Structure formats: structure tokens, C-alpha cells
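**Student:** Next up, query20.txt (compact mmCIF, C-alpha atoms).
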# COMPACT_ATOMS: atom_id res chain seq x y z
CA LYS U 1 0.00 0.00 0.00
CA PRO U 2 1.35 3.46 -0.82
CA SER U 3 1.84 6.13 1.82
CA GLN U 4 0.11 9.50 1.53
CA GLU U 5 3.37 10.93 0.16
CA GLY U 6 3.43 8.14 -2.41
CA ILE U 7 -0.11 8.98 -3.51
CA TYR U 8 0.84 12.66 -3.81
CA GLN U 9 3.93 11.87 -5.89
CA HIS U 10 1.90 9.56 -8.14
CA TYR U 11 -0.62 12.27 -9.01
CA LYS U 12 2.16 14.87 -9.24
CA ALA U 13 3.84 12.82 -11.94
CA ILE U 14 0.57 12.49 -13.86
CA ALA U 15 -0.36 16.16 -13.52
CA GLU U 16 3.05 17.31 -14.74
CA ALA U 17 2.96 14.94 -17.72
CA THR U 18 -0.22 16.39 -19.25
CA GLU U 19 -2.30 19.53 -19.60
CA LEU U 20 -5.51 17.52 -19.69
CA PRO U 21 -7.94 17.91 -16.76
CA ILE U 22 -7.55 15.21 -14.13
CA VAL U 23 -10.17 13.78 -11.77
CA LEU U 24 -8.79 12.07 -8.67
CA TYR U 25 -10.47 8.85 -7.54
CA ASN U 26 -10.53 7.84 -3.89
CA VAL U 27 -11.94 4.34 -3.49
CA PRO U 28 -10.22 2.64 -0.52
CA GLY U 29 -12.57 -0.34 -0.80
CA ARG U 30 -10.75 -1.27 -4.02
CA THR U 31 -7.27 0.17 -3.53
CA GLY U 32 -6.80 -0.79 0.11
CA VAL U 33 -5.72 2.71 1.18
CA ASN U 34 -7.64 5.92 1.81
CA MET U 35 -6.49 9.19 0.29
CA THR U 36 -6.90 11.61 3.18
CA ALA U 37 -8.47 15.05 2.95
CA GLU U 38 -5.04 16.57 3.56
CA THR U 39 -3.53 14.72 0.58
CA THR U 40 -6.47 15.55 -1.68
CA LEU U 41 -6.31 19.25 -0.79
CA ARG U 42 -2.53 19.32 -1.24
CA ILE U 43 -2.84 17.92 -4.76
CA ALA U 44 -5.76 20.24 -5.59
CA ARG U 45 -3.81 23.31 -4.50
CA ASP U 46 -0.55 22.37 -6.20
CA PHE U 47 -1.87 21.42 -9.66
CA ASN U 48 -4.40 23.54 -11.59
CA ASN U 49 -5.22 20.74 -14.03
CA VAL U 50 -6.46 18.53 -11.18
CA VAL U 51 -10.06 19.70 -11.32
CA ALA U 52 -12.10 17.29 -9.17
CA ILE U 53 -12.22 14.16 -7.06
CA LYS U 54 -14.60 11.23 -7.26
CA GLU U 55 -14.94 10.52 -3.54
CA ALA U 56 -15.97 6.98 -2.60
CA SER U 57 -14.38 6.67 0.83
CA GLY U 58 -17.78 6.59 2.56
CA ASN U 59 -16.45 9.07 5.11
CA ILE U 60 -18.83 12.04 5.13
CA THR U 61 -16.65 13.98 7.56
CA GLN U 62 -13.66 13.64 5.25
CA MET U 63 -15.69 14.68 2.20
CA ASP U 64 -17.10 17.69 4.04
CA ASP U 65 -13.57 18.71 5.03
CA ILE U 66 -12.53 18.64 1.36
CA ILE U 67 -15.58 20.63 0.25
CA LYS U 68 -15.04 23.22 2.98
CA ASN U 69 -11.33 23.78 2.29
CA LYS U 70 -10.95 23.11 -1.44
CA PRO U 71 -9.73 25.66 -4.01
CA GLU U 72 -12.48 27.44 -5.95
CA ASN U 73 -11.66 25.63 -9.22
CA PHE U 74 -11.79 22.15 -7.62
CA ASN U 75 -14.98 20.08 -7.32
CA VAL U 76 -16.10 17.11 -5.25
CA ILE U 77 -18.13 14.45 -7.04
CA SER U 78 -19.89 11.62 -5.23
CA GLY U 79 -18.55 8.18 -6.05
CA ASP U 80 -21.16 6.43 -3.92
CA ASP U 81 -24.80 6.40 -5.04
CA GLY U 82 -26.14 5.95 -1.53
CA ILE U 83 -24.70 9.20 -0.20
CA THR U 84 -25.07 11.34 -3.32
CA PHE U 85 -28.07 13.23 -1.93
CA PRO U 86 -26.52 14.20 1.44
CA LEU U 87 -23.21 14.98 -0.24
CA ILE U 88 -24.86 17.42 -2.65
CA THR U 89 -26.47 19.20 0.30
CA LEU U 90 -22.92 19.73 1.62
CA GLY U 91 -21.66 21.16 -1.68
CA ALA U 92 -20.78 18.28 -4.02
CA VAL U 93 -21.50 18.99 -7.70
CA GLY U 94 -22.84 15.62 -8.86
CA VAL U 95 -22.16 11.90 -9.01
CA ILE U 96 -20.33 9.32 -11.09
CA SER U 97 -22.95 6.64 -10.67
CA VAL U 98 -23.43 2.88 -10.74
CA ILE U 99 -27.20 2.76 -10.32
CA GLY U 100 -27.48 5.43 -13.01
CA ASN U 101 -26.73 2.70 -15.56
CA ALA U 102 -30.04 1.05 -14.69
CA PHE U 103 -32.05 4.15 -13.73
CA PRO U 104 -30.48 7.02 -15.68
CA ARG U 105 -33.58 9.19 -15.87
CA GLU U 106 -34.75 8.68 -12.29
CA PHE U 107 -31.36 9.01 -10.61
CA SER U 108 -30.34 12.02 -12.69
CA ARG U 109 -33.71 13.58 -11.79
CA MET U 110 -32.89 13.16 -8.11
CA THR U 111 -29.44 14.65 -8.65
CA ARG U 112 -30.75 17.65 -10.60
CA LEU U 113 -33.46 18.37 -8.04
CA ALA U 114 -30.89 18.31 -5.23
CA LEU U 115 -28.53 20.60 -7.17
CA GLN U 116 -31.44 22.99 -7.76
CA GLY U 117 -32.18 23.08 -4.03
CA ASP U 118 -35.43 21.12 -4.26
CA PHE U 119 -34.39 18.86 -1.42
CA ALA U 120 -37.88 17.61 -0.54
CA ASN U 121 -38.55 16.00 -3.92
CA ALA U 122 -34.94 14.83 -4.24
CA LEU U 123 -35.12 13.16 -0.84
CA THR U 124 -38.33 11.36 -1.80
CA ILE U 125 -36.63 9.78 -4.81
CA HIS U 126 -33.47 9.06 -2.79
CA HIS U 127 -35.45 7.14 -0.17
CA ARG U 128 -37.10 5.03 -2.85
CA PHE U 129 -33.65 3.82 -3.90
CA THR U 130 -32.25 3.17 -0.40
CA GLU U 131 -32.80 -0.61 -0.28
CA LEU U 132 -31.78 -0.99 -3.91
CA PHE U 133 -28.44 0.71 -3.20
CA ASN U 134 -27.58 -2.02 -0.69
CA LEU U 135 -28.74 -4.90 -2.88
CA LEU U 136 -26.75 -3.71 -5.88
CA PHE U 137 -23.50 -4.03 -3.92
CA VAL U 138 -24.11 -6.94 -1.56
CA ASP U 139 -22.67 -9.44 -4.08
CA GLY U 140 -20.11 -7.03 -5.51
CA ASN U 141 -19.99 -4.48 -8.27
CA PRO U 142 -20.73 -4.68 -11.22
CA ALA U 143 -22.62 -7.93 -10.52
CA GLY U 144 -25.54 -6.07 -8.95
CA VAL U 145 -26.15 -3.52 -11.68
CA LYS U 146 -25.62 -6.17 -14.38
CA SER U 147 -28.32 -8.33 -12.79
CA MET U 148 -30.61 -5.29 -12.78
CA LEU U 149 -29.97 -4.57 -16.46
CA ASN U 150 -30.63 -8.25 -17.16
CA ALA U 151 -33.97 -8.00 -15.35
CA MET U 152 -34.79 -5.07 -17.65
CA GLY U 153 -34.03 -7.26 -20.67
CA MET U 154 -31.07 -5.15 -21.80
CA ILE U 155 -28.06 -7.49 -21.36
CA GLU U 156 -27.11 -11.07 -20.54
CA ASN U 157 -26.26 -11.69 -16.90
CA LYS U 158 -22.65 -12.77 -17.54
CA LEU U 159 -19.40 -11.63 -15.92
CA ARG U 160 -15.74 -12.53 -16.37
CA LEU U 161 -14.12 -14.60 -13.61
CA PRO U 162 -13.37 -14.14 -10.78
CA LEU U 163 -16.59 -12.11 -10.80
CA VAL U 164 -19.82 -14.12 -10.78
CA PRO U 165 -23.51 -13.18 -11.09
CA THR U 166 -25.52 -12.23 -8.00
CA ARG U 167 -27.13 -14.95 -5.94
CA ILE U 168 -30.70 -15.93 -6.86
CA THR U 169 -32.07 -14.51 -3.58
CA THR U 170 -30.34 -11.17 -4.20
CA PHE U 171 -31.50 -11.12 -7.80
CA GLU U 172 -35.13 -11.78 -6.87
CA ALA U 173 -35.11 -9.18 -4.09
CA ALA U 174 -33.54 -6.57 -6.37
CA ASN U 175 -36.00 -7.41 -9.14
CA ASP U 176 -38.95 -6.84 -6.80
CA LEU U 177 -37.54 -3.51 -5.65
CA PHE U 178 -36.78 -2.56 -9.24
CA LYS U 179 -40.43 -2.97 -10.21
CA THR U 180 -41.58 -0.90 -7.23
CA ALA U 181 -38.99 1.82 -7.79
CA ALA U 182 -39.63 2.01 -11.52
CA VAL U 183 -43.38 2.43 -11.09
CA TYR U 184 -42.96 4.99 -8.31
CA CYS U 185 -40.36 7.05 -10.19
CA GLU U 186 -42.58 7.14 -13.26
CA ARG U 187 -45.36 8.59 -11.09
CA VAL U 188 -43.07 11.15 -9.46
CA ILE U 189 -41.69 12.29 -12.81
CA PHE U 190 -45.22 12.53 -14.24
CA LEU U 191 -46.36 14.68 -11.30
CA ILE U 192 -43.32 16.96 -11.46
CA ASN U 193 -43.78 17.45 -15.22
CA TYR U 194 -47.51 18.04 -14.74
CA VAL U 195 -46.93 20.70 -12.08
CA PHE U 196 -44.30 22.39 -14.25
CA ARG U 197 -46.61 22.47 -17.28
CA TYR U 198 -49.54 23.72 -15.18
CA ARG U 199 -47.49 26.57 -13.73
CA PHE U 200 -46.06 27.45 -17.13
CA PHE U 201 -49.47 27.66 -18.85
CA THR U 202 -50.95 29.53 -15.89
CA PHE U 203 -48.15 32.06 -16.25
CA LEU U 204 -48.87 32.40 -19.99
CA LYS U 205 -52.58 32.83 -19.35
CA HIS U 206 -52.06 35.61 -16.80
CA SER U 207 -49.46 37.29 -19.00
CA PHE U 208 -51.90 37.21 -21.96
CA ARG U 209 -54.71 38.71 -19.88
CA GLU U 210 -52.44 41.49 -18.63
CA ARG U 211 -51.35 42.20 -22.20
CA ILE U 212 -54.98 42.40 -23.41
CA ALA U 213 -55.88 44.74 -20.55
CA THR U 214 -53.22 47.24 -21.65
CA LEU U 215 -54.46 47.41 -25.25
Would you mind writing the file's structure down as C-alpha cells?
**Tutor:**
Amino acid sequence: KPSQEGIYQHYKAIAEATELPIVLYNVPGRTGVNMTAETTLRIARDFNNVVAIKEASGNITQMDDIIKNKPENFNVISGDDGITFPLITLGAVGVISVIGNAFPREFSRMTRLALQGDFANALTIHHRFTELFNLLFVDGNPAGVKSMLNAMGMIENKLRLPLVPTRITTFEAANDLFKTAAVYCERVIFLINYVFRYRFFTFLKHSFRERIATL
């Protein structure tokens, strides 16, 4: 496992070798070592072409520390679907998502609503996905999301070894939640669109009446 200085030197070498924008990725569950807030902020301050971090440490306190102390031109992106909503409320700018592969419209709707400050509607959608978040990762990633896409009839449920498909019990539970979440999200999206259209046409109607009254 690399030390924090080793992580810094690694990204320093990359940043100095290119002018392309770089997004850091902190995923200790896969790499075996956490990139601390101090290391992230050091890299962000020292290299202008390091523009963001995909944070998947699961440590909200660490992520909040980065958001609070980061340079203005540096962004924090959620790397964990389950905490995307709370992380946006703290100042994250979006998510690099797993569940978005299966629910692109619904999950992006939740993200956009949160970014727009409509936390009530965003939280409603977030809560509908809570159990599904856990099921998608209980047998490993990408096994969970591949099983979901298979249930939708989009792909075959095959993985390359040593990865294997989700267990039957996990698949069935996720499939049941998928049906519930899909139906609910369709209703939420319909209602949001309906309210938007109603307000828009009401605005046009009042504007037209005011225009007629001035003639």
C-alpha cells in the first residue's frame, strides 16, 4: 500500500505529464488505502489541471472537510450512489454513478433536483432507492447492476471470472424492488412534469390577460 506521500507523488507525476484535466479517484474499498483530505487538498492546491475528485471513501466527515477547504476551481463528485443526496447538500456537484446505468432518468432527476435546491422532492426519490443501493453491492460491483440490467431485458447476466452473477435470492429481491422503484419514479416524474406544465401555462394565461388589458 502506498503512503500519503506516495499517492501525492503519483498524481504529481501524472499532472506534470499532461495539460488535460484530471479527476482524482478515492476508493479505498478497491485500492486498500484511503487518500486523506489533507492529501487531496494538497494535490488540488498544487496542480491547476487537477479539477475534481470522485470521492468513494464513505467518510462524510472527510468529504465535508474537502468541500469546505478546497480551491475554488476544484470540485467534489460523489462516487457512492447511496450518499449522493446528502453529499450534494454539503456542496458536491454531482455523481459518477453505478445505479445510473439502470435508472439514468430517475437518478439524474434526483441529482438535478438536489442541485437545484429542491431537497424535498430529491429526498423522496433518494429514499425510494435506499434498499436498492444495498442490494446492488451486496454481491459485488458490477454484478448487482448487471443483474438489474438483465432484469430489464437489456443485457445477458454474464461476468468474467473471478466475478460471478448475483445470488438468486439477491437477484429476486432486487428485481422486486426494481419494479416498485420504476413504477414509483414514473409517477413522481409525471407529477413533477404536470406541475411544471400547469405553472407554465398559468403564467402564460395571466401574461396574456395582462397584455390584453393594456391594449
**Student:** Just give me the gap between CA of Ile77 in chain U and CA of Leu136 in chain U in Å, one decimal is fine.
**Tutor:**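 CA of Leu136 in chain U lies 20.1 Å from CA of Ile77 in chain U.
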**Student:** Ranking U:Ala102, U:Gly91, U:Glu19, U:Asn26 by minimum distance to Met154 in chain U and counting only C-alpha atoms, which one comes first?
**Tutor:**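 Smallest distance to Met154 in chain U is found for U:Ala102.
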**Student:** Nearest to Pro71 in chain U among U:Ala13, U:Thr40, U:Lys54, U:Ile88, with distances taken over only C-alpha atoms: which residue is it?
**Tutor:**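 Smallest separation from Pro71 in chain U among the options: U:Thr40.
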**Student:** Have a look at U:Ile125, U:Ile53, U:Leu159, U:Leu41 and name the one nearest to Asn141 in chain U; count all atoms listed in the file.
**Tutor:**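 For Asn141 in chain U, the nearest of the candidates is U:Leu159.
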**Student:** Rank nothing, just name the residue among U:Lys70, U:Arg42, U:His127, U:Lys146 nearest to Arg160 in chain U, using all atoms listed in the file.
**Tutor:**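 Nearest to Arg160 in chain U: U:Lys146.
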**Student:** Keeping C-alpha atoms, write range 93-183 of chain U of the structure just shown out as a CSV table (one decimal), in the first residue's frame.
**Tutor:**
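Output contents, as saved in decode_21.csv:
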chain,number,residue,atom,x,y,z
U,93,VAL,CA,-21.5,19.0,-7.7
U,94,GLY,CA,-22.8,15.6,-8.9
U,95,VAL,CA,-22.2,11.9,-9.0
U,96,ILE,CA,-20.3,9.3,-11.1
U,97,SER,CA,-23.0,6.6,-10.7
U,98,VAL,CA,-23.4,2.9,-10.7
U,99,ILE,CA,-27.2,2.8,-10.3
U,100,GLY,CA,-27.5,5.4,-13.0
U,101,ASN,CA,-26.7,2.7,-15.6
U,102,ALA,CA,-30.0,1.1,-14.7
U,103,PHE,CA,-32.1,4.1,-13.7
U,104,PRO,CA,-30.5,7.0,-15.7
U,105,ARG,CA,-33.6,9.2,-15.9
U,106,GLU,CA,-34.7,8.7,-12.3
U,107,PHE,CA,-31.4,9.0,-10.6
U,108,SER,CA,-30.3,12.0,-12.7
U,109,ARG,CA,-33.7,13.6,-11.8
U,110,MET,CA,-32.9,13.2,-8.1
U,111,THR,CA,-29.4,14.7,-8.6
U,112,ARG,CA,-30.7,17.7,-10.6
U,113,LEU,CA,-33.5,18.4,-8.0
U,114,ALA,CA,-30.9,18.3,-5.2
U,115,LEU,CA,-28.5,20.6,-7.2
U,116,GLN,CA,-31.4,23.0,-7.8
U,117,GLY,CA,-32.2,23.1,-4.0
U,118,ASP,CA,-35.4,21.1,-4.3
U,119,PHE,CA,-34.4,18.9,-1.4
U,120,ALA,CA,-37.9,17.6,-0.5
U,121,ASN,CA,-38.5,16.0,-3.9
U,122,ALA,CA,-34.9,14.8,-4.2
U,123,LEU,CA,-35.1,13.2,-0.8
U,124,THR,CA,-38.3,11.4,-1.8
U,125,ILE,CA,-36.6,9.8,-4.8
U,126,HIS,CA,-33.5,9.1,-2.8
U,127,HIS,CA,-35.5,7.1,-0.2
U,128,ARG,CA,-37.1,5.0,-2.9
U,129,PHE,CA,-33.7,3.8,-3.9
U,130,THR,CA,-32.2,3.2,-0.4
U,131,GLU,CA,-32.8,-0.6,-0.3
U,132,LEU,CA,-31.8,-1.0,-3.9
U,133,PHE,CA,-28.4,0.7,-3.2
U,134,ASN,CA,-27.6,-2.0,-0.7
U,135,LEU,CA,-28.7,-4.9,-2.9
U,136,LEU,CA,-26.8,-3.7,-5.9
U,137,PHE,CA,-23.5,-4.0,-3.9
U,138,VAL,CA,-24.1,-6.9,-1.6
U,139,ASP,CA,-22.7,-9.4,-4.1
U,140,GLY,CA,-20.1,-7.0,-5.5
U,141,ASN,CA,-20.0,-4.5,-8.3
U,142,PRO,CA,-20.7,-4.7,-11.2
U,143,ALA,CA,-22.6,-7.9,-10.5
U,144,GLY,CA,-25.5,-6.1,-8.9
U,145,VAL,CA,-26.2,-3.5,-11.7
U,146,LYS,CA,-25.6,-6.2,-14.4
U,147,SER,CA,-28.3,-8.3,-12.8
U,148,MET,CA,-30.6,-5.3,-12.8
U,149,LEU,CA,-30.0,-4.6,-16.5
U,150,ASN,CA,-30.6,-8.3,-17.2
U,151,ALA,CA,-34.0,-8.0,-15.3
U,152,MET,CA,-34.8,-5.1,-17.6
U,153,GLY,CA,-34.0,-7.3,-20.7
U,154,MET,CA,-31.1,-5.2,-21.8
U,155,ILE,CA,-28.1,-7.5,-21.4
U,156,GLU,CA,-27.1,-11.1,-20.5
U,157,ASN,CA,-26.3,-11.7,-16.9
U,158,LYS,CA,-22.7,-12.8,-17.5
U,159,LEU,CA,-19.4,-11.6,-15.9
U,160,ARG,CA,-15.7,-12.5,-16.4
U,161,LEU,CA,-14.1,-14.6,-13.6
U,162,PRO,CA,-13.4,-14.1,-10.8
U,163,LEU,CA,-16.6,-12.1,-10.8
U,164,VAL,CA,-19.8,-14.1,-10.8
U,165,PRO,CA,-23.5,-13.2,-11.1
U,166,THR,CA,-25.5,-12.2,-8.0
U,167,ARG,CA,-27.1,-15.0,-5.9
U,168,ILE,CA,-30.7,-15.9,-6.9
U,169,THR,CA,-32.1,-14.5,-3.6
U,170,THR,CA,-30.3,-11.2,-4.2
U,171,PHE,CA,-31.5,-11.1,-7.8
U,172,GLU,CA,-35.1,-11.8,-6.9
U,173,ALA,CA,-35.1,-9.2,-4.1
U,174,ALA,CA,-33.5,-6.6,-6.4
U,175,ASN,CA,-36.0,-7.4,-9.1
U,176,ASP,CA,-39.0,-6.8,-6.8
U,177,LEU,CA,-37.5,-3.5,-5.6
U,178,PHE,CA,-36.8,-2.6,-9.2
U,179,LYS,CA,-40.4,-3.0,-10.2
U,180,THR,CA,-41.6,-0.9,-7.2
U,181,ALA,CA,-39.0,1.8,-7.8
U,182,ALA,CA,-39.6,2.0,-11.5
U,183,VAL,CA,-43.4,2.4,-11.1
